[in-house]
$ cat upload38.txt   # compact mmCIF, C-alpha atoms and all ligand atoms
# COMPACT_ATOMS: atom_id res chain seq x y z
CA MET A 1 -17.02 105.74 4.94
CA PRO A 2 -14.76 108.78 4.40
CA GLY A 3 -15.44 110.38 1.03
CA LEU A 4 -18.60 108.38 0.46
CA GLY A 5 -20.85 110.29 2.83
CA GLY A 6 -24.27 109.05 3.88
CA ALA A 7 -26.98 107.94 1.48
CA ALA A 8 -29.08 111.07 1.30
CA VAL A 9 -32.10 109.62 -0.46
CA HIS A 10 -35.04 108.55 1.68
CA GLY A 11 -35.40 104.77 1.48
CA HIS A 12 -31.75 104.13 0.53
CA ALA A 13 -30.02 102.18 3.30
CA GLY A 14 -26.51 103.67 3.08
CA GLN A 15 -24.43 100.73 4.23
CA VAL A 16 -21.71 98.49 2.89
CA LEU A 17 -21.82 94.77 3.60
CA TRP A 18 -18.87 92.45 3.25
CA ALA A 19 -20.00 88.90 2.76
CA GLU A 20 -19.28 85.59 1.16
CA CYS A 21 -22.06 84.81 -1.30
CA GLY A 22 -22.04 81.43 -3.04
CA GLY A 23 -18.34 81.13 -2.18
CA VAL A 24 -17.51 84.50 -3.71
CA GLU A 25 -16.18 87.32 -1.57
CA THR A 26 -18.62 90.15 -2.18
CA LEU A 27 -19.06 93.79 -1.21
CA VAL A 28 -22.68 94.95 -1.21
CA PHE A 29 -23.20 98.70 -1.48
CA GLN A 30 -26.72 99.45 -0.27
CA GLY A 31 -27.76 102.95 -1.20
CA ARG A 32 -25.59 104.43 -3.92
CA ARG A 33 -24.83 108.13 -4.13
CA HIS A 34 -26.33 109.97 -7.08
CA TYR A 35 -25.04 112.84 -9.21
CA TYR A 36 -28.25 114.82 -8.52
CA GLU A 37 -27.28 114.99 -4.84
CA GLY A 38 -24.84 117.70 -5.93
CA ASP A 39 -21.62 116.40 -4.39
CA GLY A 40 -20.00 115.73 -7.76
CA TRP A 41 -18.60 112.43 -8.98
CA THR A 42 -16.39 111.43 -6.04
CA PRO A 43 -19.10 109.74 -3.94
CA VAL A 44 -20.51 108.07 -7.07
CA ALA A 45 -17.07 106.81 -8.13
CA LEU A 46 -15.73 105.78 -4.74
CA PRO A 47 -17.37 102.33 -4.51
CA VAL A 48 -16.06 101.45 -7.96
CA PHE A 49 -12.60 102.76 -7.04
CA LEU A 50 -12.66 100.68 -3.87
CA LEU A 51 -13.63 97.56 -5.80
CA ARG A 52 -10.86 98.19 -8.27
CA GLN A 53 -8.26 98.67 -5.54
CA LEU A 54 -9.41 95.46 -3.85
CA GLY A 55 -9.01 93.56 -7.10
CA ALA A 56 -12.70 92.88 -7.73
CA GLU A 57 -13.42 91.26 -11.06
CA LEU A 58 -17.09 91.96 -11.46
CA LEU A 59 -19.59 94.72 -10.69
CA VAL A 60 -23.29 93.92 -10.72
CA LEU A 61 -25.36 97.10 -10.84
CA THR A 62 -29.03 97.20 -9.91
CA ASN A 63 -31.45 100.08 -10.09
CA ALA A 64 -35.06 101.16 -10.18
CA ALA A 65 -36.12 102.50 -13.56
CA GLY A 66 -39.08 103.69 -15.57
CA GLY A 67 -40.17 101.44 -18.43
CA LEU A 68 -40.22 102.96 -21.93
CA HIS A 69 -40.50 99.90 -24.19
CA ALA A 70 -44.07 98.69 -24.74
CA ASP A 71 -43.11 95.23 -23.48
CA LEU A 72 -41.80 96.53 -20.16
CA ASP A 73 -44.39 96.61 -17.43
CA ALA A 74 -44.07 97.74 -13.84
CA SER A 75 -42.55 94.86 -11.84
CA ASP A 76 -40.55 93.46 -14.78
CA LEU A 77 -36.82 92.89 -14.38
CA MET A 78 -34.71 94.04 -17.35
CA ILE A 79 -31.24 92.77 -18.18
CA ILE A 80 -29.25 95.83 -19.29
CA THR A 81 -27.56 95.18 -22.65
CA ASP A 82 -26.26 98.70 -23.31
CA HIS A 83 -26.79 102.25 -22.19
CA LEU A 84 -27.15 105.87 -23.22
CA ASN A 85 -25.30 108.45 -21.15
CA LEU A 86 -27.71 111.41 -21.27
CA MET A 87 -26.43 113.03 -18.09
CA GLY A 88 -24.66 115.80 -19.98
CA ASP A 89 -21.54 115.04 -17.96
CA HIS A 90 -19.07 112.19 -17.55
CA PRO A 91 -17.27 110.92 -14.43
CA LEU A 92 -13.95 110.66 -16.30
CA ILE A 93 -13.82 114.31 -17.36
CA GLY A 94 -10.69 115.86 -15.84
CA PRO A 95 -6.99 115.05 -15.70
CA HIS A 96 -6.27 111.52 -16.85
CA ASP A 97 -5.81 109.05 -13.99
CA PRO A 98 -4.44 105.68 -15.20
CA ALA A 99 -6.39 103.99 -12.38
CA TRP A 100 -9.33 104.29 -14.75
CA GLY A 101 -7.58 102.76 -17.74
CA PRO A 102 -6.55 104.60 -20.90
CA ARG A 103 -7.53 108.22 -21.61
CA PHE A 104 -10.15 107.06 -24.13
CA PRO A 105 -11.55 103.75 -22.86
CA ASP A 106 -13.41 101.47 -25.24
CA MET A 107 -17.12 101.13 -24.46
CA SER A 108 -18.20 98.83 -27.29
CA GLN A 109 -19.27 96.17 -24.80
CA VAL A 110 -19.97 97.68 -21.39
CA TYR A 111 -22.29 94.91 -20.16
CA CYS A 112 -20.74 91.45 -20.39
CA PRO A 113 -22.80 89.47 -22.95
CA LYS A 114 -21.87 86.14 -21.36
CA LEU A 115 -23.19 87.25 -17.99
CA GLY A 116 -26.28 88.68 -19.73
CA GLN A 117 -26.92 85.26 -21.28
CA ARG A 118 -26.46 83.61 -17.92
CA LEU A 119 -28.98 86.01 -16.38
CA GLY A 120 -31.41 85.16 -19.18
CA ARG A 121 -31.12 81.45 -18.39
CA ILE A 122 -31.74 82.19 -14.72
CA PHE A 123 -34.84 84.22 -15.60
CA GLU A 124 -36.12 81.25 -17.63
CA ALA A 125 -35.44 78.81 -14.80
CA LEU A 126 -37.39 81.10 -12.45
CA HIS A 127 -40.23 81.51 -15.00
CA LEU A 128 -39.63 85.24 -15.27
CA PRO A 129 -40.14 86.95 -18.64
CA VAL A 130 -36.71 87.55 -20.17
CA ARG A 131 -36.56 91.27 -20.88
CA ARG A 132 -33.40 92.88 -22.20
CA GLY A 133 -32.83 96.48 -23.14
CA VAL A 134 -31.00 99.76 -23.26
CA TYR A 135 -30.92 101.85 -20.09
CA ALA A 136 -30.81 105.64 -20.48
CA ALA A 137 -29.33 107.65 -17.61
CA VAL A 138 -30.54 111.18 -16.98
CA THR A 139 -29.46 113.35 -14.06
CA GLY A 140 -32.89 113.86 -12.48
CA PRO A 141 -33.94 114.75 -9.89
CA THR A 142 -37.16 115.52 -11.75
CA TYR A 143 -38.86 112.62 -13.43
CA GLU A 144 -39.20 113.04 -17.18
CA THR A 145 -41.89 114.93 -19.02
CA PRO A 146 -43.99 112.93 -21.51
CA ALA A 147 -42.18 114.75 -24.35
CA GLU A 148 -38.82 113.67 -22.92
CA VAL A 149 -40.14 110.13 -22.66
CA ARG A 150 -41.04 110.18 -26.37
CA LEU A 151 -37.56 111.54 -27.13
CA LEU A 152 -35.87 108.81 -25.08
CA ARG A 153 -37.93 106.17 -26.84
CA SER A 154 -36.94 107.58 -30.26
CA LEU A 155 -33.29 107.48 -29.18
CA GLY A 156 -33.55 103.75 -28.60
CA ALA A 157 -33.88 103.65 -24.83
CA ASP A 158 -36.01 100.94 -23.23
CA ALA A 159 -35.79 102.13 -19.63
CA VAL A 160 -34.80 105.37 -17.92
CA GLY A 161 -33.25 106.14 -14.57
CA MET A 162 -30.88 108.43 -12.67
CA SER A 163 -27.94 106.15 -11.90
CA THR A 164 -25.90 103.12 -13.02
CA VAL A 165 -24.29 104.53 -16.17
CA PRO A 166 -21.50 106.47 -14.37
CA GLU A 167 -20.59 103.40 -12.31
CA ALA A 168 -20.72 101.17 -15.40
CA LEU A 169 -18.47 103.57 -17.36
CA LEU A 170 -15.93 103.72 -14.53
CA ALA A 171 -15.93 99.99 -13.87
CA ARG A 172 -15.53 99.11 -17.53
CA ALA A 173 -12.75 101.69 -17.95
CA ALA A 174 -10.98 100.15 -14.94
CA GLY A 175 -11.26 96.70 -16.52
CA LEU A 176 -14.01 95.16 -14.39
CA ARG A 177 -16.73 93.05 -15.93
CA VAL A 178 -20.15 94.63 -15.59
CA ALA A 179 -23.67 93.25 -15.40
CA GLY A 180 -26.80 95.35 -14.87
CA LEU A 181 -30.39 94.74 -13.85
CA SER A 182 -33.21 97.29 -13.86
CA CYS A 183 -36.25 96.87 -11.65
CA ILE A 184 -38.99 98.46 -13.72
CA ALA A 185 -40.84 100.26 -10.96
CA ASN A 186 -43.26 102.15 -13.21
CA ARG A 187 -44.12 102.93 -16.79
CA ALA A 188 -42.40 106.22 -17.60
CA ALA A 189 -44.22 109.56 -17.41
CA GLY A 190 -47.14 109.84 -19.80
CA LEU A 191 -47.22 106.05 -20.35
CA GLN A 192 -49.17 105.39 -17.17
CA PRO A 193 -52.29 107.27 -16.06
CA GLN A 194 -51.10 108.40 -12.64
CA ALA A 195 -48.37 110.90 -11.71
CA LEU A 196 -44.99 109.58 -10.50
CA THR A 197 -44.01 109.80 -6.86
CA HIS A 198 -40.85 108.61 -5.11
CA ALA A 199 -43.03 106.78 -2.56
CA ASP A 200 -44.73 104.75 -5.32
CA VAL A 201 -41.40 104.03 -7.04
CA LEU A 202 -39.87 102.91 -3.74
CA GLN A 203 -42.84 100.70 -2.93
CA ALA A 204 -42.85 99.11 -6.39
CA ALA A 205 -39.10 98.51 -6.29
CA ARG A 206 -39.33 97.02 -2.80
CA ALA A 207 -42.06 94.65 -3.96
CA MET A 208 -39.61 93.36 -6.58
CA LEU A 209 -36.88 92.52 -4.07
CA PRO A 210 -37.78 88.81 -3.64
CA LYS A 211 -37.55 88.39 -7.42
CA LEU A 212 -34.27 90.27 -7.64
CA ARG A 213 -32.92 88.32 -4.71
CA ALA A 214 -33.82 84.97 -6.33
CA VAL A 215 -32.07 85.99 -9.55
CA LEU A 216 -28.94 87.19 -7.75
CA GLU A 217 -28.77 84.10 -5.54
CA HIS A 218 -28.71 81.88 -8.61
CA PHE A 219 -26.27 84.18 -10.34
CA TRP A 220 -23.83 84.17 -7.44
CA LYS A 221 -23.98 80.40 -7.07
CA GLU A 222 -22.81 80.01 -10.64
CA LEU A 223 -20.18 82.75 -10.46
CA PRO A 224 -17.23 80.67 -9.20
CA HIS A 225 -17.25 78.86 -12.57
CA GLU A 226 -17.06 82.22 -14.28
CA LEU A 227 -14.45 84.05 -12.23
CA GLY A 228 -10.74 83.54 -11.87
CA PRO A 229 -9.06 80.75 -9.88
CA THR A 230 -8.59 82.89 -6.75
CA HIS A 231 -12.27 82.37 -5.96
CA PRO A 232 -13.01 79.11 -4.16
CA ALA A 233 -15.73 76.93 -5.67
CA ALA A 234 -19.09 77.17 -3.91
N1 LIG A 301 -37.64 107.94 -14.44
C1 LIG A 301 -36.40 108.12 -13.92
N2 LIG A 301 -35.94 107.44 -12.90
C2 LIG A 301 -36.73 106.50 -12.37
C3 LIG A 301 -38.02 106.24 -12.87
C4 LIG A 301 -38.50 107.02 -13.95
O1 LIG A 301 -39.64 106.85 -14.45
N3 LIG A 301 -38.55 105.25 -12.11
C5 LIG A 301 -37.60 104.90 -11.21
N4 LIG A 301 -36.50 105.65 -11.36
$ encode --input "upload38.txt" --output "structure tokens"
Amino acid sequence: MPGLGGAAVHGHAGQVLWAECGGVETLVFQGRRHYYEGDGWTPVALPVFLLRQLGAELLVLTNAAGGLHADLDASDLMIITDHLNLMGDHPLIGPHDPAWGPRFPDMSQVYCPKLGQRLGRIFEALHLPVRRGVYAAVTGPTYETPAEVRLLRSLGADAVGMSTVPEALLARAAGLRVAGLSCIANRAAGLQPQALTHADVLQAARAMLPKLRAVLEHFWKELPHELGPTHPAA
């Protein structure tokens, strides 16, 4: 896709699917672009811009993350309730473009609480532990040091990763509803005995896909009741 470029990260598919899921027209972006790839914000923002231009109402963001909270184990799914932007940058820095809402968009409720509750009910129905928490975004590409992990914990973060927050900020600014799910692929650095590798993270995240898929299937089936009247009932 022009402007989006290819997914540069090994293990990230780099394709866009257009599908009807549970009666809801859906675009699936497989393999997001990341700020650490060094191409700036355009490839990160483009999927959200596209969704906005197409009149999408909802963005569901998924990621792999390191668990910081004591209750978050590898292979847990976490419903994102809020976030910390610790990237030291912001995708809306620059001349104001009204496509992204007002100059100073409100972020008091980035992740839709109603959709978060719905996700919680789905977790219960699937007998998954209901974990909720704050996701902290760092730029990477290094994983954290144990000292940084202690800092993140003291700042109130429950999970840490290198994505999601820019897209959530943009989508919310543009008026979309946002939901977020973190696949806890590992305990963060210093909280697990072994060193972190991308291969291990990828493997752990892949092993969680059936769980994530089950949650999203339920979620999508119930979405027509949630969204506007232009969406046909499932
Ligand atoms: N830190 C940052 N990003 C990550 C991690 C982590 O521990 N695991 C998966 N993505």
$ axis_aligned_box --input "upload38.txt" --around "ligand LIG 301 (chain A)" --padding-each-side "5 Å" --output "JSON"
{"center_x": -37.8, "center_y": 106.5, "center_z": -12.8, "size_x": 13.7, "size_y": 13.2, "size_z": 13.2}
$ closest_residue --input "upload38.txt" --among "A:Val60, A:Ala168, A:Leu209, A:Ala74" --to "ligand LIG 301 (chain A)" --atoms "all atoms listed in the file"
A:Ala74
$ closest_residue --input "upload38.txt" --among "A:Leu68, A:Thr164, A:Ile122, A:Ala99" --to "Gln192 (chain A)" --atoms "all atoms listed in the file"
A:Leu68
$ closest_residue --input "upload38.txt" --among "A:Cys21, A:Ala137, A:Ala173, A:Val28" --to "Gly88 (chain A)" --atoms "only C-alpha atoms"
A:Ala137
$ atom_distance --input "upload38.txt" --atom1 "CA of His90 (chain A)" --atom2 "CA of Thr139 (chain A)"
11.0 Å
$ residues_near_point --input "upload38.txt" --point "(-38.9, 94.4, -8.0)" --cutoff "6 Å" --atoms "only C-alpha atoms" --output "JSON, numbers by chain"
{"A": [75, 183, 205, 206, 207, 208, 209]}
$ closest_residue --input "upload38.txt" --among "A:Asp89, A:Glu20, A:Asp158, A:Glu25" --to "ligand LIG 301 (chain A)" --atoms "all atoms listed in the file"
A:Asp158
$ residues_near_ligand --input "upload38.txt" --ligand "ligand LIG 301 (chain A)" --cutoff "9 Å" --atoms "all atoms listed in the file" --output "PyMOL selection string"
chain A and resi 63-68+136-144+149+159-163+183-189+196-198+201-202+205
$ atom_distance --input "upload38.txt" --atom1 "CA of Trp18 (chain A)" --atom2 "CA of Pro47 (chain A)"
12.7 Å
$ closest_residue --input "upload38.txt" --among "A:Arg118, A:Arg52, A:His96, A:His83" --to "Phe219 (chain A)" --atoms "only C-alpha atoms"
A:Arg118
$ closest_residue --input "upload38.txt" --among "A:Leu51, A:Ala179, A:Leu27, A:Leu86" --to "Gln109 (chain A)" --atoms "all atoms listed in the file"
A:Ala179
$ atom_distance --input "upload38.txt" --atom1 "CA of Glu167 (chain A)" --atom2 "CA of Leu155 (chain A)"
21.5 Å
$ residues_near_point --input "upload38.txt" --point "(-19.0, 99.3, -25.1)" --cutoff "9 Å" --atoms "only C-alpha atoms" --output "list in words"
Asp82, His83, Pro105, Asp106, Met107, Ser108, Gln109, Val110, Tyr111, Leu169 and Arg172 of chain A
$ residues_around --input "upload38.txt" --residues "Lys114 (chain A)" --least-positions-apart "2" --cutoff "12 Å" --atoms "all atoms listed in the file" --output "list of chain:residue names"
A:Ile79, A:Thr81, A:Gln109, A:Val110, A:Tyr111, A:Cys112, A:Gly116, A:Gln117, A:Arg118, A:Leu119, A:Gly120, A:Arg121, A:Arg177, A:Val178, A:Ala179, A:Leu223, A:Glu226, A:Leu227
$ decode --input "upload38.txt" --residues "region 120-135 of chain A" --atoms "all heavy atoms" --output "mmCIF file, in the first residue's frame"
data_model
loop_
_atom_site.group_PDB
_atom_site.id
_atom_site.type_symbol
_atom_site.label_atom_id
_atom_site.label_comp_id
_atom_site.auth_asym_id
_atom_site.auth_seq_id
_atom_site.Cartn_x
_atom_site.Cartn_y
_atom_site.Cartn_z
ATOM 1 N N GLY A 120 -14.440 -8.046 29.218
ATOM 2 C CA GLY A 120 -14.348 -8.752 30.496
ATOM 3 C C GLY A 120 -15.371 -9.877 30.581
ATOM 4 O O GLY A 120 -15.053 -10.988 31.030
ATOM 5 N N ARG A 121 -16.592 -9.599 30.123
ATOM 6 C CA ARG A 121 -17.640 -10.630 30.151
ATOM 7 C C ARG A 121 -17.271 -11.797 29.222
ATOM 8 O O ARG A 121 -17.514 -12.953 29.525
ATOM 9 C CB ARG A 121 -18.991 -10.024 29.750
ATOM 10 C CG ARG A 121 -19.599 -9.159 30.863
ATOM 11 C CD ARG A 121 -21.075 -8.913 30.606
ATOM 12 N NE ARG A 121 -21.314 -8.101 29.418
ATOM 13 C CZ ARG A 121 -21.299 -6.772 29.404
ATOM 14 N NH1 ARG A 121 -21.068 -6.102 30.524
ATOM 15 N NH2 ARG A 121 -21.524 -6.107 28.291
ATOM 16 N N ILE A 122 -16.670 -11.454 28.090
ATOM 17 C CA ILE A 122 -16.251 -12.505 27.149
ATOM 18 C C ILE A 122 -15.148 -13.361 27.778
ATOM 19 O O ILE A 122 -15.165 -14.589 27.687
ATOM 20 C CB ILE A 122 -15.801 -11.886 25.806
ATOM 21 C CG1 ILE A 122 -17.016 -11.271 25.105
ATOM 22 C CG2 ILE A 122 -15.119 -12.907 24.920
ATOM 23 C CD1 ILE A 122 -16.683 -10.401 23.907
ATOM 24 N N PHE A 123 -14.197 -12.712 28.437
ATOM 25 C CA PHE A 123 -13.136 -13.464 29.133
ATOM 26 C C PHE A 123 -13.777 -14.451 30.113
ATOM 27 O O PHE A 123 -13.385 -15.614 30.182
ATOM 28 C CB PHE A 123 -12.216 -12.509 29.919
ATOM 29 C CG PHE A 123 -11.134 -11.844 29.105
ATOM 30 C CD1 PHE A 123 -11.356 -11.402 27.819
ATOM 31 C CD2 PHE A 123 -9.878 -11.628 29.667
ATOM 32 C CE1 PHE A 123 -10.356 -10.767 27.091
ATOM 33 C CE2 PHE A 123 -8.865 -11.004 28.950
ATOM 34 C CZ PHE A 123 -9.105 -10.579 27.667
ATOM 35 N N GLU A 124 -14.749 -13.955 30.894
ATOM 36 C CA GLU A 124 -15.397 -14.823 31.890
ATOM 37 C C GLU A 124 -16.073 -16.008 31.214
ATOM 38 O O GLU A 124 -15.936 -17.150 31.655
ATOM 39 C CB GLU A 124 -16.418 -14.016 32.696
ATOM 40 C CG GLU A 124 -15.770 -13.208 33.804
ATOM 41 C CD GLU A 124 -16.685 -12.145 34.386
ATOM 42 O OE1 GLU A 124 -17.872 -12.078 33.995
ATOM 43 O OE2 GLU A 124 -16.196 -11.363 35.210
ATOM 44 N N ALA A 125 -16.787 -15.718 30.134
ATOM 45 C CA ALA A 125 -17.501 -16.791 29.428
ATOM 46 C C ALA A 125 -16.509 -17.829 28.893
ATOM 47 O O ALA A 125 -16.838 -19.018 28.803
ATOM 48 C CB ALA A 125 -18.326 -16.201 28.295
ATOM 49 N N LEU A 126 -15.314 -17.385 28.540
ATOM 50 C CA LEU A 126 -14.301 -18.311 28.004
ATOM 51 C C LEU A 126 -13.397 -18.880 29.111
ATOM 52 O O LEU A 126 -12.406 -19.545 28.809
ATOM 53 C CB LEU A 126 -13.441 -17.581 26.961
ATOM 54 C CG LEU A 126 -14.158 -17.135 25.677
ATOM 55 C CD1 LEU A 126 -13.255 -16.238 24.828
ATOM 56 C CD2 LEU A 126 -14.596 -18.350 24.861
ATOM 57 N N HIS A 127 -13.724 -18.559 30.365
ATOM 58 C CA HIS A 127 -12.943 -19.025 31.522
ATOM 59 C C HIS A 127 -11.493 -18.550 31.463
ATOM 60 O O HIS A 127 -10.563 -19.276 31.825
ATOM 61 C CB HIS A 127 -12.997 -20.553 31.647
ATOM 62 C CG HIS A 127 -14.403 -21.080 31.712
ATOM 63 N ND1 HIS A 127 -15.239 -20.857 32.790
ATOM 64 C CD2 HIS A 127 -15.145 -21.769 30.813
ATOM 65 C CE1 HIS A 127 -16.416 -21.393 32.563
ATOM 66 N NE2 HIS A 127 -16.398 -21.952 31.349
ATOM 67 N N LEU A 128 -11.311 -17.339 30.979
ATOM 68 C CA LEU A 128 -9.979 -16.724 30.991
ATOM 69 C C LEU A 128 -9.914 -15.766 32.172
ATOM 70 O O LEU A 128 -10.908 -15.091 32.474
ATOM 71 C CB LEU A 128 -9.745 -15.910 29.703
ATOM 72 C CG LEU A 128 -9.782 -16.673 28.376
ATOM 73 C CD1 LEU A 128 -9.736 -15.693 27.201
ATOM 74 C CD2 LEU A 128 -8.604 -17.637 28.307
ATOM 75 N N PRO A 129 -8.760 -15.686 32.851
ATOM 76 C CA PRO A 129 -8.653 -14.707 33.944
ATOM 77 C C PRO A 129 -8.830 -13.291 33.396
ATOM 78 O O PRO A 129 -8.239 -12.951 32.372
ATOM 79 C CB PRO A 129 -7.239 -14.922 34.493
ATOM 80 C CG PRO A 129 -6.502 -15.686 33.444
ATOM 81 C CD PRO A 129 -7.521 -16.430 32.624
ATOM 82 N N VAL A 130 -9.663 -12.501 34.061
ATOM 83 C CA VAL A 130 -9.916 -11.134 33.566
ATOM 84 C C VAL A 130 -8.820 -10.219 34.109
ATOM 85 O O VAL A 130 -8.786 -9.887 35.288
ATOM 86 C CB VAL A 130 -11.311 -10.626 33.992
ATOM 87 C CG1 VAL A 130 -11.561 -9.224 33.421
ATOM 88 C CG2 VAL A 130 -12.393 -11.591 33.542
ATOM 89 N N ARG A 131 -7.898 -9.867 33.253
ATOM 90 C CA ARG A 131 -6.811 -8.962 33.634
ATOM 91 C C ARG A 131 -7.026 -7.638 32.907
ATOM 92 O O ARG A 131 -7.263 -7.625 31.697
ATOM 93 C CB ARG A 131 -5.460 -9.532 33.217
ATOM 94 C CG ARG A 131 -5.210 -10.947 33.700
ATOM 95 C CD ARG A 131 -4.736 -10.960 35.132
ATOM 96 N NE ARG A 131 -4.343 -12.276 35.559
ATOM 97 C CZ ARG A 131 -4.874 -12.922 36.606
ATOM 98 N NH1 ARG A 131 -5.836 -12.352 37.325
ATOM 99 N NH2 ARG A 131 -4.436 -14.112 36.940
ATOM 100 N N ARG A 132 -6.911 -6.556 33.653
ATOM 101 C CA ARG A 132 -7.029 -5.222 33.067
ATOM 102 C C ARG A 132 -5.803 -4.426 33.496
ATOM 103 O O ARG A 132 -5.306 -4.640 34.607
ATOM 104 C CB ARG A 132 -8.273 -4.495 33.599
ATOM 105 C CG ARG A 132 -9.572 -5.187 33.294
ATOM 106 C CD ARG A 132 -10.737 -4.405 33.929
ATOM 107 N NE ARG A 132 -11.951 -5.217 33.906
ATOM 108 C CZ ARG A 132 -12.769 -5.297 32.870
ATOM 109 N NH1 ARG A 132 -12.514 -4.588 31.787
ATOM 110 N NH2 ARG A 132 -13.837 -6.068 32.918
ATOM 111 N N GLY A 133 -5.378 -3.479 32.689
ATOM 112 C CA GLY A 133 -4.248 -2.691 33.145
ATOM 113 C C GLY A 133 -3.817 -1.599 32.202
ATOM 114 O O GLY A 133 -4.380 -1.404 31.122
ATOM 115 N N VAL A 134 -2.804 -0.894 32.661
ATOM 116 C CA VAL A 134 -2.236 0.258 31.957
ATOM 117 C C VAL A 134 -1.052 -0.216 31.110
ATOM 118 O O VAL A 134 -0.146 -0.884 31.625
ATOM 119 C CB VAL A 134 -1.780 1.335 32.967
ATOM 120 C CG1 VAL A 134 -1.050 2.478 32.271
ATOM 121 C CG2 VAL A 134 -2.974 1.854 33.766
ATOM 122 N N TYR A 135 -1.104 0.151 29.831
ATOM 123 C CA TYR A 135 -0.047 -0.229 28.888
ATOM 124 C C TYR A 135 0.892 0.957 28.711
ATOM 125 O O TYR A 135 0.443 2.070 28.404
ATOM 126 C CB TYR A 135 -0.692 -0.608 27.560
ATOM 127 C CG TYR A 135 0.266 -0.879 26.416
ATOM 128 C CD1 TYR A 135 0.729 -2.166 26.157
ATOM 129 C CD2 TYR A 135 0.693 0.145 25.570
ATOM 130 C CE1 TYR A 135 1.595 -2.424 25.100
ATOM 131 C CE2 TYR A 135 1.554 -0.103 24.513
ATOM 132 C CZ TYR A 135 2.000 -1.390 24.286
ATOM 133 O OH TYR A 135 2.852 -1.647 23.233
#
